[in-house]
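Undergrad: Sharing target_4.csv here; it has CSV, C-alpha atoms.
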chain,number,residue,atom,x,y,z
A,21,MET,CA,3.3,-0.5,14.5
A,22,ALA,CA,1.6,-3.7,13.3
A,23,ARG,CA,2.3,-6.9,11.5
A,24,ALA,CA,1.4,-7.1,7.8
A,25,ALA,CA,2.2,-9.3,4.8
A,26,VAL,CA,3.8,-7.1,2.1
A,27,LEU,CA,4.1,-7.9,-1.6
A,28,HIS,CA,7.1,-6.1,-3.0
A,29,ALA,CA,7.2,-7.5,-6.6
A,30,PHE,CA,4.7,-9.6,-8.6
A,31,GLY,CA,5.8,-13.2,-8.7
A,32,ASP,CA,7.7,-13.1,-5.5
A,33,SER,CA,8.1,-16.5,-3.9
A,34,GLU,CA,8.0,-15.0,-0.4
A,35,LEU,CA,5.9,-12.2,1.0
A,36,GLY,CA,7.6,-9.8,3.4
A,37,LEU,CA,6.2,-10.5,6.9
A,38,HIS,CA,6.8,-7.1,8.4
A,39,ASP,CA,6.2,-6.1,12.0
A,40,ASP,CA,6.7,-2.3,11.6
A,41,VAL,CA,3.8,-1.3,9.3
A,42,SER,CA,1.6,1.6,10.3
A,43,THR,CA,-1.7,2.9,9.0
A,44,VAL,CA,-2.5,6.3,7.6
A,45,GLY,CA,-5.5,8.0,9.1
A,46,PRO,CA,-8.4,7.6,9.7
A,47,GLY,CA,-9.7,10.7,8.0
A,48,PRO,CA,-13.2,12.1,8.5
A,49,ASP,CA,-15.0,9.4,6.5
A,50,GLN,CA,-12.8,6.5,7.5
A,51,VAL,CA,-12.5,3.9,10.2
A,52,LYS,CA,-9.6,2.0,11.7
A,53,VAL,CA,-10.2,-1.7,12.2
A,54,GLN,CA,-8.2,-4.2,14.2
A,55,ILE,CA,-8.3,-7.4,12.0
A,56,LYS,CA,-9.1,-10.5,13.9
A,57,ALA,CA,-9.3,-13.1,11.1
A,58,THR,CA,-8.5,-13.0,7.4
A,59,GLY,CA,-8.9,-15.7,4.7
A,60,VAL,CA,-6.3,-17.0,2.2
A,61,CYS,CA,-8.2,-16.9,-1.1
A,62,HIS,CA,-7.3,-17.8,-4.7
A,63,THR,CA,-7.8,-14.1,-5.7
A,64,ASP,CA,-4.9,-13.3,-3.3
A,65,LEU,CA,-2.8,-15.9,-5.2
A,66,HIS,CA,-3.8,-14.3,-8.5
A,67,LEU,CA,-2.5,-11.0,-7.2
A,68,ILE,CA,0.7,-12.3,-5.9
A,69,ARG,CA,1.4,-14.0,-9.2
A,70,GLY,CA,0.6,-10.8,-11.1
A,71,VAL,CA,-2.5,-12.1,-12.8
A,72,LEU,CA,-4.3,-9.2,-11.2
A,73,ARG,CA,-2.3,-6.0,-10.7
A,74,GLN,CA,-2.2,-3.0,-8.4
A,75,GLY,CA,0.3,-0.5,-7.1
A,76,LEU,CA,3.3,-1.8,-5.1
A,77,PRO,CA,4.4,-2.3,-2.4
A,78,MET,CA,1.1,-3.8,-1.3
A,79,ILE,CA,-0.5,-5.4,1.8
A,80,VAL,CA,-2.2,-8.5,0.4
A,81,GLY,CA,-5.6,-9.8,1.5
A,82,HIS,CA,-9.3,-8.8,0.9
A,83,GLU,CA,-11.4,-11.2,3.0
A,84,GLY,CA,-11.4,-10.2,6.7
A,85,ALA,CA,-13.3,-9.2,9.8
A,86,GLY,CA,-12.4,-7.4,13.0
A,87,VAL,CA,-13.3,-4.7,15.5
A,88,VAL,CA,-13.6,-1.0,14.9
A,89,THR,CA,-11.0,0.9,17.0
A,90,GLU,CA,-11.3,4.5,15.7
A,91,VAL,CA,-13.8,6.4,13.5
A,92,GLY,CA,-13.6,9.7,11.7
A,93,ASP,CA,-15.5,12.8,12.6
A,94,ARG,CA,-18.2,12.2,9.9
A,95,VAL,CA,-18.8,8.5,10.6
A,96,THR,CA,-22.1,7.7,12.2
A,97,ASP,CA,-23.0,4.1,11.1
A,98,VAL,CA,-20.4,2.3,13.2
A,99,ARG,CA,-18.5,3.1,16.4
A,100,PRO,CA,-15.5,1.7,18.3
A,101,GLY,CA,-16.1,-1.8,19.6
A,102,ASP,CA,-18.4,-2.8,16.7
A,103,HIS,CA,-17.7,-6.2,15.1
A,104,VAL,CA,-17.5,-5.7,11.3
A,105,VAL,CA,-17.0,-7.5,8.0
A,106,ILE,CA,-14.7,-6.0,5.5
A,107,SER,CA,-16.1,-5.4,2.0
A,108,TRP,CA,-13.6,-5.3,-0.9
A,109,MET,CA,-16.3,-3.6,-3.1
A,110,PRO,CA,-17.7,-0.8,-1.0
A,111,ASP,CA,-20.8,1.0,-2.4
A,112,CYS,CA,-21.0,4.8,-2.3
A,113,GLY,CA,-24.9,4.7,-2.3
A,114,GLU,CA,-25.0,7.7,-4.8
A,115,CYS,CA,-23.6,6.7,-8.2
A,116,ALA,CA,-25.7,5.4,-11.1
A,117,GLU,CA,-24.9,1.7,-10.3
A,118,CYS,CA,-25.9,2.1,-6.7
A,119,LEU,CA,-29.1,4.0,-7.5
A,120,ARG,CA,-30.2,1.3,-10.0
A,121,GLY,CA,-29.8,-1.4,-7.3
A,122,GLN,CA,-26.3,-2.7,-8.4
A,123,PRO,CA,-24.0,-1.8,-5.5
A,124,TYR,CA,-21.7,-4.6,-6.4
A,125,LEU,CA,-20.7,-2.7,-9.5
A,126,CYS,CA,-19.9,0.6,-7.7
A,127,LEU,CA,-16.3,1.7,-8.4
A,128,THR,CA,-16.4,5.2,-6.8
A,129,LEU,CA,-14.8,4.3,-3.5
A,130,ARG,CA,-12.9,1.3,-4.7
A,131,ASN,CA,-11.0,3.1,-7.4
A,132,ALA,CA,-10.1,5.9,-5.1
A,133,ALA,CA,-8.9,3.5,-2.4
A,134,ARG,CA,-6.7,1.5,-4.8
A,135,THR,CA,-4.7,4.6,-5.7
A,136,ASP,CA,-4.5,5.9,-2.1
A,137,PRO,CA,-1.7,4.4,0.0
A,138,ARG,CA,-3.2,3.8,3.5
A,139,PHE,CA,-0.1,2.0,5.0
A,140,GLU,CA,3.4,3.1,5.6
A,141,LEU,CA,6.3,0.7,5.9
A,142,GLY,CA,8.9,1.0,8.7
A,143,ASP,CA,11.3,2.9,6.4
A,144,GLY,CA,8.6,5.4,5.5
A,145,THR,CA,7.7,3.9,2.2
A,146,PRO,CA,4.0,4.4,1.3
A,147,ALA,CA,2.1,1.1,0.7
A,148,TYR,CA,-1.2,0.2,-0.9
A,149,GLY,CA,-3.8,-2.2,0.3
A,150,MET,CA,-5.2,-5.0,-2.0
A,151,SER,CA,-8.5,-3.8,-3.4
A,152,GLY,CA,-8.0,-0.6,-1.3
A,153,ILE,CA,-8.1,-2.6,2.0
A,154,GLY,CA,-5.3,-5.2,2.7
A,155,THR,CA,-6.6,-7.6,5.3
A,156,TRP,CA,-3.3,-9.5,5.8
A,157,ALA,CA,-2.5,-6.9,8.4
A,158,GLU,CA,-3.3,-6.5,12.1
A,159,GLU,CA,-5.0,-3.2,11.4
A,160,LEU,CA,-6.2,-1.2,8.5
A,161,VAL,CA,-7.9,2.1,7.6
A,162,THR,CA,-10.7,2.2,5.1
A,163,HIS,CA,-13.8,4.1,4.2
A,164,HIS,CA,-16.7,3.5,6.5
A,165,ARG,CA,-18.8,2.1,3.6
A,166,SER,CA,-16.2,-0.7,3.5
A,167,VAL,CA,-17.3,-2.1,6.8
A,168,ILE,CA,-20.6,-3.9,7.6
A,169,LYS,CA,-21.6,-4.4,11.2
A,170,VAL,CA,-22.2,-8.1,12.2
A,171,ALA,CA,-23.6,-9.6,15.3
A,172,GLU,CA,-21.1,-10.3,18.0
A,173,ASP,CA,-22.0,-14.0,18.3
A,174,VAL,CA,-20.6,-14.6,14.8
A,175,PRO,CA,-17.0,-15.9,15.1
A,176,PHE,CA,-14.5,-13.7,13.4
A,177,GLU,CA,-13.4,-16.5,11.1
A,178,TYR,CA,-17.0,-16.9,9.9
A,179,ALA,CA,-17.5,-13.2,9.6
A,180,ALA,CA,-14.4,-13.0,7.4
A,181,LEU,CA,-15.9,-15.5,5.0
A,182,LEU,CA,-19.0,-13.4,4.8
A,183,GLY,CA,-16.9,-10.7,3.3
A,184,CYS,CA,-16.0,-12.7,0.1
A,185,GLY,CA,-16.3,-16.5,-0.2
A,186,VAL,CA,-19.8,-17.0,1.0
A,187,PRO,CA,-21.6,-14.0,-0.7
A,188,THR,CA,-19.6,-14.5,-3.9
A,189,GLY,CA,-20.7,-18.1,-4.2
A,190,VAL,CA,-24.1,-18.3,-2.6
A,191,GLY,CA,-25.0,-14.9,-4.0
A,192,ALA,CA,-24.2,-16.1,-7.6
A,193,VAL,CA,-27.0,-18.6,-7.1
A,194,VAL,CA,-29.6,-16.7,-5.2
A,195,ASN,CA,-29.0,-13.2,-6.5
A,196,THR,CA,-27.5,-13.5,-10.0
A,197,ALA,CA,-29.0,-16.7,-11.4
A,198,LYS,CA,-32.0,-16.9,-9.1
A,199,VAL,CA,-31.9,-20.7,-9.5
A,200,ALA,CA,-35.4,-22.2,-9.4
A,201,PRO,CA,-36.3,-25.2,-7.2
A,202,GLY,CA,-36.0,-28.5,-9.2
A,203,SER,CA,-33.4,-27.1,-11.6
A,204,THR,CA,-30.2,-28.8,-12.5
A,205,VAL,CA,-26.9,-27.1,-11.8
A,206,ALA,CA,-23.3,-27.7,-12.8
A,207,VAL,CA,-20.4,-26.1,-10.9
A,208,VAL,CA,-17.0,-25.9,-12.6
A,209,GLY,CA,-14.4,-25.6,-9.7
A,210,ALA,CA,-14.8,-27.0,-6.2
A,211,GLY,CA,-12.6,-24.6,-4.3
A,212,GLY,CA,-13.9,-22.4,-1.5
A,213,VAL,CA,-16.1,-20.2,-3.6
A,214,GLY,CA,-17.2,-23.2,-5.7
A,215,LEU,CA,-18.3,-25.0,-2.5
A,216,SER,CA,-20.4,-21.9,-1.6
A,217,VAL,CA,-22.0,-22.1,-5.0
A,218,ILE,CA,-22.9,-25.7,-4.3
A,219,GLN,CA,-24.3,-24.7,-1.0
A,220,GLY,CA,-26.4,-22.0,-2.7
A,221,ALA,CA,-27.7,-24.5,-5.2
A,222,ARG,CA,-28.7,-26.9,-2.4
A,223,LEU,CA,-30.4,-24.0,-0.5
A,224,ALA,CA,-32.3,-23.1,-3.8
A,225,GLY,CA,-33.6,-26.6,-4.1
A,226,ALA,CA,-31.7,-27.8,-7.2
A,227,SER,CA,-32.6,-31.4,-8.0
A,228,ALA,CA,-29.2,-32.3,-9.4
A,229,ILE,CA,-25.9,-30.6,-8.6
A,230,LEU,CA,-22.8,-31.7,-10.4
A,231,ALA,CA,-19.3,-30.6,-9.2
A,232,ILE,CA,-16.7,-30.6,-11.9
A,233,ASP,CA,-13.0,-30.5,-10.8
A,234,PRO,CA,-9.9,-32.2,-12.1
A,235,ASN,CA,-8.8,-32.8,-8.4
A,236,GLU,CA,-10.6,-35.9,-7.4
A,237,ALA,CA,-9.7,-35.3,-3.8
A,238,LYS,CA,-12.2,-32.4,-3.8
A,239,HIS,CA,-15.1,-34.6,-5.0
A,240,PRO,CA,-16.2,-36.1,-1.6
A,241,ILE,CA,-15.8,-32.6,-0.1
A,242,ALA,CA,-18.2,-31.2,-2.8
A,243,GLU,CA,-20.7,-33.9,-2.0
A,244,ARG,CA,-20.5,-33.1,1.7
A,245,PHE,CA,-21.6,-29.6,0.8
A,246,GLY,CA,-24.5,-30.6,-1.3
A,247,ALA,CA,-23.3,-31.9,-4.7
A,248,THR,CA,-25.3,-34.9,-5.8
A,249,HIS,CA,-22.5,-36.0,-8.2
A,250,ALA,CA,-18.9,-35.1,-8.9
A,251,VAL,CA,-16.7,-35.7,-11.9
A,252,THR,CA,-13.4,-34.6,-13.6
A,253,PRO,CA,-13.8,-32.6,-16.8
A,254,ASP,CA,-13.2,-35.9,-18.7
A,255,GLY,CA,-16.3,-37.3,-17.2
A,256,LEU,CA,-18.6,-34.4,-18.1
A,257,GLU,CA,-20.1,-35.8,-21.3
A,258,GLU,CA,-21.2,-39.0,-19.6
A,259,ALA,CA,-22.6,-37.0,-16.6
A,260,VAL,CA,-24.6,-34.7,-18.9
A,261,GLU,CA,-26.1,-37.8,-20.5
A,262,ARG,CA,-26.8,-39.6,-17.3
A,263,LEU,CA,-28.2,-36.6,-15.3
A,264,THR,CA,-29.9,-34.6,-18.0
A,265,GLY,CA,-30.6,-37.1,-20.7
A,266,GLY,CA,-28.0,-35.4,-22.9
A,267,ALA,CA,-29.8,-32.0,-22.8
A,268,GLY,CA,-27.4,-30.2,-20.5
A,269,PHE,CA,-27.9,-28.4,-17.2
A,270,ASP,CA,-30.2,-25.5,-16.6
A,271,TYR,CA,-27.4,-23.4,-14.9
A,272,SER,CA,-23.7,-23.8,-15.1
A,273,PHE,CA,-21.3,-21.8,-12.8
A,274,GLU,CA,-17.7,-21.1,-13.8
A,275,VAL,CA,-15.7,-20.6,-10.5
A,276,VAL,CA,-12.1,-20.9,-11.7
A,277,GLY,CA,-11.5,-17.7,-13.7
A,278,LYS,CA,-10.0,-19.4,-16.8
A,279,SER,CA,-11.3,-19.4,-20.4
A,280,VAL,CA,-11.0,-23.2,-20.6
A,281,ALA,CA,-13.3,-23.4,-17.5
A,282,VAL,CA,-15.8,-21.1,-19.2
A,283,THR,CA,-15.9,-23.4,-22.2
A,284,THR,CA,-16.5,-26.4,-19.9
A,285,ALA,CA,-19.4,-24.5,-18.3
A,286,TRP,CA,-20.8,-23.5,-21.7
A,287,ASN,CA,-20.7,-27.1,-22.9
A,288,ALA,CA,-22.4,-28.4,-19.8
A,289,THR,CA,-25.4,-26.0,-20.3
A,290,ARG,CA,-28.6,-26.9,-22.1
A,291,ARG,CA,-30.0,-24.9,-25.0
A,292,GLY,CA,-31.6,-21.8,-23.5
A,293,GLY,CA,-29.8,-22.3,-20.2
A,294,GLU,CA,-27.6,-19.9,-18.2
A,295,VAL,CA,-23.8,-19.8,-17.8
A,296,ILE,CA,-22.7,-17.7,-14.8
A,297,MET,CA,-19.2,-16.4,-14.6
A,298,VAL,CA,-17.9,-16.2,-11.0
A,299,GLY,CA,-14.2,-16.7,-11.2
A,300,ALA,CA,-11.7,-13.7,-11.5
A,301,GLY,CA,-9.5,-14.2,-14.5
A,302,ALA,CA,-6.6,-12.6,-16.3
A,303,ALA,CA,-7.1,-9.7,-18.7
A,304,ASP,CA,-5.2,-11.5,-21.4
A,305,ASP,CA,-7.1,-14.8,-21.1
A,306,ILE,CA,-9.5,-14.4,-24.0
A,307,TRP,CA,-12.6,-16.6,-24.4
A,308,SER,CA,-14.1,-17.0,-27.8
A,309,LEU,CA,-17.3,-18.5,-29.2
A,310,PRO,CA,-18.8,-18.6,-32.7
A,311,THR,CA,-21.4,-15.9,-33.0
A,312,SER,CA,-23.8,-18.5,-34.5
A,313,ALA,CA,-23.6,-20.6,-31.3
A,314,LEU,CA,-24.2,-17.5,-29.2
A,315,LEU,CA,-27.4,-16.8,-31.1
A,316,PHE,CA,-28.8,-20.1,-32.0
A,317,GLU,CA,-28.1,-22.1,-28.9
A,318,GLY,CA,-30.1,-19.5,-26.9
A,319,LYS,CA,-27.8,-19.6,-23.9
A,320,THR,CA,-27.2,-16.6,-21.6
A,321,LEU,CA,-23.7,-15.7,-20.3
A,322,ARG,CA,-23.9,-13.7,-17.1
A,323,SER,CA,-21.5,-12.1,-14.8
A,324,ALA,CA,-21.8,-12.6,-11.0
A,325,VAL,CA,-19.5,-9.9,-9.6
A,326,TYR,CA,-19.4,-10.4,-5.8
A,327,GLY,CA,-22.4,-12.7,-6.2
A,328,SER,CA,-24.5,-9.6,-7.2
A,329,SER,CA,-24.6,-9.0,-3.4
A,330,ASP,CA,-25.7,-6.1,-1.3
A,331,LEU,CA,-23.7,-7.0,1.8
A,332,ARG,CA,-25.9,-4.8,4.1
A,333,ARG,CA,-28.9,-6.9,3.0
A,334,ASP,CA,-27.2,-10.3,2.5
A,335,ILE,CA,-24.9,-10.7,5.5
A,336,PRO,CA,-27.8,-10.8,8.0
A,337,ARG,CA,-29.5,-13.3,5.8
A,338,PHE,CA,-26.5,-15.5,5.7
A,339,VAL,CA,-26.1,-15.2,9.4
A,340,ASP,CA,-29.7,-16.4,9.9
A,341,LEU,CA,-29.0,-19.4,7.6
A,342,TRP,CA,-25.9,-20.2,9.6
A,343,ARG,CA,-27.8,-20.0,12.9
A,344,ALA,CA,-30.5,-22.3,11.4
A,345,GLY,CA,-27.9,-24.9,10.5
A,346,ARG,CA,-28.5,-24.5,6.8
A,347,LEU,CA,-25.3,-22.8,5.8
A,348,ASP,CA,-22.0,-24.6,6.7
A,349,ILE,CA,-19.3,-22.0,7.3
A,350,GLU,CA,-17.1,-24.0,9.6
A,351,GLY,CA,-16.7,-26.7,7.0
A,352,LEU,CA,-15.1,-24.2,4.6
A,353,ILE,CA,-12.2,-23.6,7.0
A,354,THR,CA,-9.4,-26.1,6.3
A,355,SER,CA,-7.2,-24.8,9.1
A,356,ARG,CA,-6.6,-21.8,11.4
A,357,ILE,CA,-3.1,-20.5,11.2
A,358,GLY,CA,-0.9,-17.7,12.6
A,359,PHE,CA,0.5,-14.7,10.8
A,360,GLY,CA,3.9,-16.3,10.5
A,361,ASP,CA,2.5,-19.2,8.5
A,362,LEU,CA,1.2,-17.0,5.6
A,363,ASN,CA,4.0,-18.0,3.1
A,364,ASP,CA,3.4,-21.7,3.8
A,365,ALA,CA,-0.4,-21.0,3.4
A,366,VAL,CA,0.1,-19.5,0.0
A,367,ARG,CA,2.1,-22.5,-1.2
A,368,THR,CA,-0.5,-24.9,0.2
A,369,LEU,CA,-3.2,-22.9,-1.7
A,370,ALA,CA,-1.2,-23.0,-4.9
A,371,GLU,CA,-0.9,-26.8,-4.6
A,372,GLY,CA,-4.7,-27.2,-4.3
A,373,LYS,CA,-4.5,-28.7,-0.8
A,374,ALA,CA,-6.8,-26.3,1.1
A,375,ILE,CA,-10.3,-24.9,0.8
A,376,ARG,CA,-9.8,-21.8,3.0
A,377,GLN,CA,-7.0,-21.3,5.5
A,378,MET,CA,-7.8,-18.6,8.0
A,379,VAL,CA,-5.3,-16.4,9.6
A,380,VAL,CA,-6.3,-15.7,13.2
A,381,PHE,CA,-4.5,-12.7,14.8
A,382,ASP,CA,-3.8,-13.3,18.5
When written as structure tokens, how does the structure in this file appear?
TA:
Amino acid sequence: MARAAVLHAFGDSELGLHDDVSTVGPGPDQVKVQIKATGVCHTDLHLIRGVLRQGLPMIVGHEGAGVVTEVGDRVTDVRPGDHVVISWMPDCGECAECLRGQPYLCLTLRNAARTDPRFELGDGTPAYGMSGIGTWAEELVTHHRSVIKVAEDVPFEYAALLGCGVPTGVGAVVNTAKVAPGSTVAVVGAGGVGLSVIQGARLAGASAILAIDPNEAKHPIAERFGATHAVTPDGLEEAVERLTGGAGFDYSFEVVGKSVAVTTAWNATRRGGEVIMVGAGAADDIWSLPTSALLFEGKTLRSAVYGSSDLRRDIPRFVDLWRAGRLDIEGLITSRIGFGDLNDAVRTLAEGKAIRQMVVFD
């Protein structure tokens, strides 16, 4: 039996903090992982509120890292004792998306996992894992392609962020947009992923990096991570004039997941520039644009699912950048908390008072 945070109904004000949850398996192609650290991300909040939906009851959480404790008979790429990062978008390596070099679009394993209960509550009720994993639990069972081995000198809290926040943000810059040195960049949203986008823009050599967030308390934090300027949405027009001579930015990243934020990013971008969608939004939040603007402004709207990342390729790169002192992971962690603090952590996140709270299992 293990501890796990269970969502029983969308919109619940309190998660059920159970201590009697068990895992199902592992099967031949699966592994069991003891979770050591897991992040509290805005996507988790979207799920709790019902913006994103999946089967219930559900163990929440999608950003985590831990130690492999069991492996199925057909698993050869990891073994018990390995430190691993959890991937919420595992690639099968065989579908059309994987074969054309887009593993971040693979749905083969993820769709199967989302409809396959891999937990059981104390009363025998089957329970699902968020995105087919459910990292707000002391242990989970998942397909072996959902875990990526990481060096043992990487702290588990850092490894957890390498499973979502860092690759989603930095990857959007270096993989999706391929920001060129000397370019100008605007980032709408200075939360945990937005700060990773800002770090990515700094690593790419952007000449000007503008953070746009209505919460002014986030502005100095954004500047600490590499933003050269920070404004509220009301100050965007003046910033465009001051930093780009009124032309607009070469690249604008939307990292909120709301149509109004997409509009802000679009308006911040120069003619012929690129708008990159990073945030996860609601299915009924529709963004519209005149077709004439889509054609004659020459702008490109691009999706950056999971930062267009191949975690098996990118995690070692991010680890090298961290070791070289060029990627700040510690600064993304607002606080380290215990399992019993999860409901308070969700409220803190909803109030915009944290970048990334990290649950550390003792």
Undergrad: Residues within 10 Å of Ala29 of chain A, please, as a PyMOL selection string. Count all atoms listed in the file; anything in the same chain fewer than 3 positions from it doesn't count.
TA: chain A and resi 26+32-35+68-70+75-78
Undergrad: Place a sphere of radius 6 Å on (-18.8, -5.8, 7.6) in the file coordinates and name every protein, DNA or RNA residue with an atom inside or on its surface, counting all atoms listed in the file; give the answer as a PyMOL selection string.
TA: chain A and resi 104-106+167-169
Undergrad: Could the residues in this selection be written to a file with C-alpha atoms, as a PDB file, in the frame of the given file?
TA:
ATOM      1  CA  VAL A 104     -17.500  -5.700  11.300  1.00  0.00           C
ATOM      2  CA  VAL A 105     -17.000  -7.500   8.000  1.00  0.00           C
ATOM      3  CA  ILE A 106     -14.700  -6.000   5.500  1.00  0.00           C
ATOM      4  CA  VAL A 167     -17.300  -2.100   6.800  1.00  0.00           C
ATOM      5  CA  ILE A 168     -20.600  -3.900   7.600  1.00  0.00           C
ATOM      6  CA  LYS A 169     -21.600  -4.400  11.200  1.00  0.00           C
TER       7      LYS A 169
END
Undergrad: Got a sec: who's within 8 Å of Ala226 of chain A, counting all atoms listed in the file, leaving out chain neighbours fewer than 6 positions off, as a ChimeraX atom specification?
TA: /A:199-205
Undergrad: Pick out the residues sitting within 10 Å of Val91 of chain A, and hand them over as a short mmCIF file (atom, residue, chain, number, x, y, z; two decimals) with C-alpha atoms, in the frame of the given file; count only C-alpha atoms, and ignore anything fewer than 6 positions along from it in its own chain.
TA:
data_model
loop_
_atom_site.label_atom_id
_atom_site.label_comp_id
_atom_site.auth_asym_id
_atom_site.auth_seq_id
_atom_site.Cartn_x
_atom_site.Cartn_y
_atom_site.Cartn_z
CA GLY A 45 -5.50 8.00 9.10
CA PRO A 46 -8.40 7.60 9.70
CA GLY A 47 -9.70 10.70 8.00
CA PRO A 48 -13.20 12.10 8.50
CA ASP A 49 -15.00 9.40 6.50
CA GLN A 50 -12.80 6.50 7.50
CA VAL A 51 -12.50 3.90 10.20
CA LYS A 52 -9.60 2.00 11.70
CA VAL A 53 -10.20 -1.70 12.20
CA ASP A 97 -23.00 4.10 11.10
CA VAL A 98 -20.40 2.30 13.20
CA ARG A 99 -18.50 3.10 16.40
CA PRO A 100 -15.50 1.70 18.30
CA VAL A 161 -7.90 2.10 7.60
CA THR A 162 -10.70 2.20 5.10
CA HIS A 163 -13.80 4.10 4.20
CA HIS A 164 -16.70 3.50 6.50
#
Undergrad: Kindly provide the residues of segment 196-215 of chain A that approach segment 228-235 of chain A to within 7 Å, each paired with its closest atom pair and their distance in Å to one decimal, based on all atoms listed in the file, listed by chain and increasing number, as JSON lines.
TA:
{"residue": "A:Thr204", "atom": "CA", "partner": "A:Ala228", "partner_atom": "CA", "distance": 4.8}
{"residue": "A:Val205", "atom": "CA", "partner": "A:Ile229", "partner_atom": "CA", "distance": 4.8}
{"residue": "A:Ala206", "atom": "CA", "partner": "A:Leu230", "partner_atom": "CA", "distance": 4.7}
{"residue": "A:Val207", "atom": "CA", "partner": "A:Ala231", "partner_atom": "CA", "distance": 4.9}
{"residue": "A:Val208", "atom": "CA", "partner": "A:Ile232", "partner_atom": "CA", "distance": 4.8}
{"residue": "A:Gly209", "atom": "CA", "partner": "A:Asp233", "partner_atom": "CA", "distance": 5.2}
{"residue": "A:Ala210", "atom": "CA", "partner": "A:Asp233", "partner_atom": "CA", "distance": 6.1}
Undergrad: For Arg346 of chain A, find every residue with an atom within 10 Å (counting all atoms listed in the file), except residues of its own chain fewer than 6 positions away, and show them as a list of chain:residue names.
TA: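 Everything that qualifies: A:Gln219, A:Arg222, A:Leu223, A:Phe338, A:Val339, A:Asp340.
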Undergrad: Could you write out the selected residues, including C-alpha atoms, as a JSON list (two decimals), in the frame of the given file?
TA:
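What ended up in again-v9.json:
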[["chain", "number", "residue", "atom", "x", "y", "z"],
["A", 219, "GLN", "CA", -24.30, -24.70, -1.00],
["A", 222, "ARG", "CA", -28.70, -26.90, -2.40],
["A", 223, "LEU", "CA", -30.40, -24.00, -0.50],
["A", 338, "PHE", "CA", -26.50, -15.50, 5.70],
["A", 339, "VAL", "CA", -26.10, -15.20, 9.40],
["A", 340, "ASP", "CA", -29.70, -16.40, 9.90]]
Undergrad: I'd like to know which of A:Asp40, A:Asp330, A:Glu158, A:Glu177 is closest to Gln377 of chain A, using only C-alpha atoms.
TA: A:Glu177
Undergrad: Counting only C-alpha atoms, what are the residues of segment 235-291 of chain A within 10 Å of segment 349-371 of chain A, and for each of them which pair of atoms is the nearest and at what distance in Å, to one decimal? Sort the table by chain and rising number, as CSV.
TA:
residue,atom,partner,partner_atom,distance
A:Ile241,CA,A:Gly351,CA,9.3
A:Arg244,CA,A:Gly351,CA,9.1
A:Phe245,CA,A:Gly351,CA,8.4
Undergrad: I need the residue nearest Ala288 of chain A from this list: A:Ala171, A:Leu256, A:Met150, A:Ala374. Use only C-alpha atoms for the distance.
TA: A:Leu256
Undergrad: Find the distance between atom CA of Lys373 of chain A and atom CA of Val260 of chain A and write it in Å to one decimal.
TA: 27.7 Å
Undergrad: For Glu172 of chain A, which residue among A:Ile218, A:Ala267, A:Ile335, A:Val87 is the nearest when counting only C-alpha atoms?
TA: A:Val87
Undergrad: Write out as a ChimeraX atom specification each polymer residue whose atoms come within 7 Å of segment 272-279 of chain A, counting all atoms listed in the file; drop sequence neighbours fewer than 4 positions from it.
TA: /A:205-209,213-214,283,285,288-289,294-301,305-307
Undergrad: Restricting the calculation to all atoms listed in the file: of A:Thr128, A:Thr89, A:Thr155, A:Ser216, which residue gets closest to Ser107 of chain A?
TA: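 For Ser107 of chain A, the nearest of the candidates is A:Thr155.
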Undergrad: Complete the atoms of segment 89-98 of chain A to N, CA and C atoms and put them out as a PDB file, in the coordinates of the input.
TA:
ATOM      1  N   THR A  89     -11.775   0.287  15.899  1.00  0.00           N
ATOM      2  CA  THR A  89     -11.000   0.900  17.000  1.00  0.00           C
ATOM      3  C   THR A  89     -11.087   2.421  16.993  1.00  0.00           C
ATOM      4  N   GLU A  90     -11.234   3.011  15.798  1.00  0.00           N
ATOM      5  CA  GLU A  90     -11.300   4.500  15.700  1.00  0.00           C
ATOM      6  C   GLU A  90     -12.280   4.812  14.543  1.00  0.00           C
ATOM      7  N   VAL A  91     -12.949   5.958  14.634  1.00  0.00           N
ATOM      8  CA  VAL A  91     -13.800   6.400  13.500  1.00  0.00           C
ATOM      9  C   VAL A  91     -13.542   7.898  13.297  1.00  0.00           C
ATOM     10  N   GLY A  92     -13.723   8.297  12.021  1.00  0.00           N
ATOM     11  CA  GLY A  92     -13.600   9.700  11.700  1.00  0.00           C
ATOM     12  C   GLY A  92     -14.732  10.548  12.132  1.00  0.00           C
ATOM     13  N   ASP A  93     -14.566  11.853  12.038  1.00  0.00           N
ATOM     14  CA  ASP A  93     -15.500  12.800  12.600  1.00  0.00           C
ATOM     15  C   ASP A  93     -16.923  12.682  11.913  1.00  0.00           C
ATOM     16  N   ARG A  94     -16.954  12.263  10.636  1.00  0.00           N
ATOM     17  CA  ARG A  94     -18.200  12.200   9.900  1.00  0.00           C
ATOM     18  C   ARG A  94     -18.874  10.818   9.911  1.00  0.00           C
ATOM     19  N   VAL A  95     -18.277   9.881  10.601  1.00  0.00           N
ATOM     20  CA  VAL A  95     -18.800   8.500  10.600  1.00  0.00           C
ATOM     21  C   VAL A  95     -19.831   8.330  11.686  1.00  0.00           C
ATOM     22  N   THR A  96     -21.025   7.866  11.283  1.00  0.00           N
ATOM     23  CA  THR A  96     -22.100   7.700  12.200  1.00  0.00           C
ATOM     24  C   THR A  96     -22.703   6.271  12.240  1.00  0.00           C
ATOM     25  N   ASP A  97     -22.358   5.456  11.228  1.00  0.00           N
ATOM     26  CA  ASP A  97     -23.000   4.100  11.100  1.00  0.00           C
ATOM     27  C   ASP A  97     -22.314   3.049  11.906  1.00  0.00           C
ATOM     28  N   VAL A  98     -21.052   3.245  12.291  1.00  0.00           N
ATOM     29  CA  VAL A  98     -20.400   2.300  13.200  1.00  0.00           C
ATOM     30  C   VAL A  98     -19.614   3.103  14.231  1.00  0.00           C
TER      31      VAL A  98
END
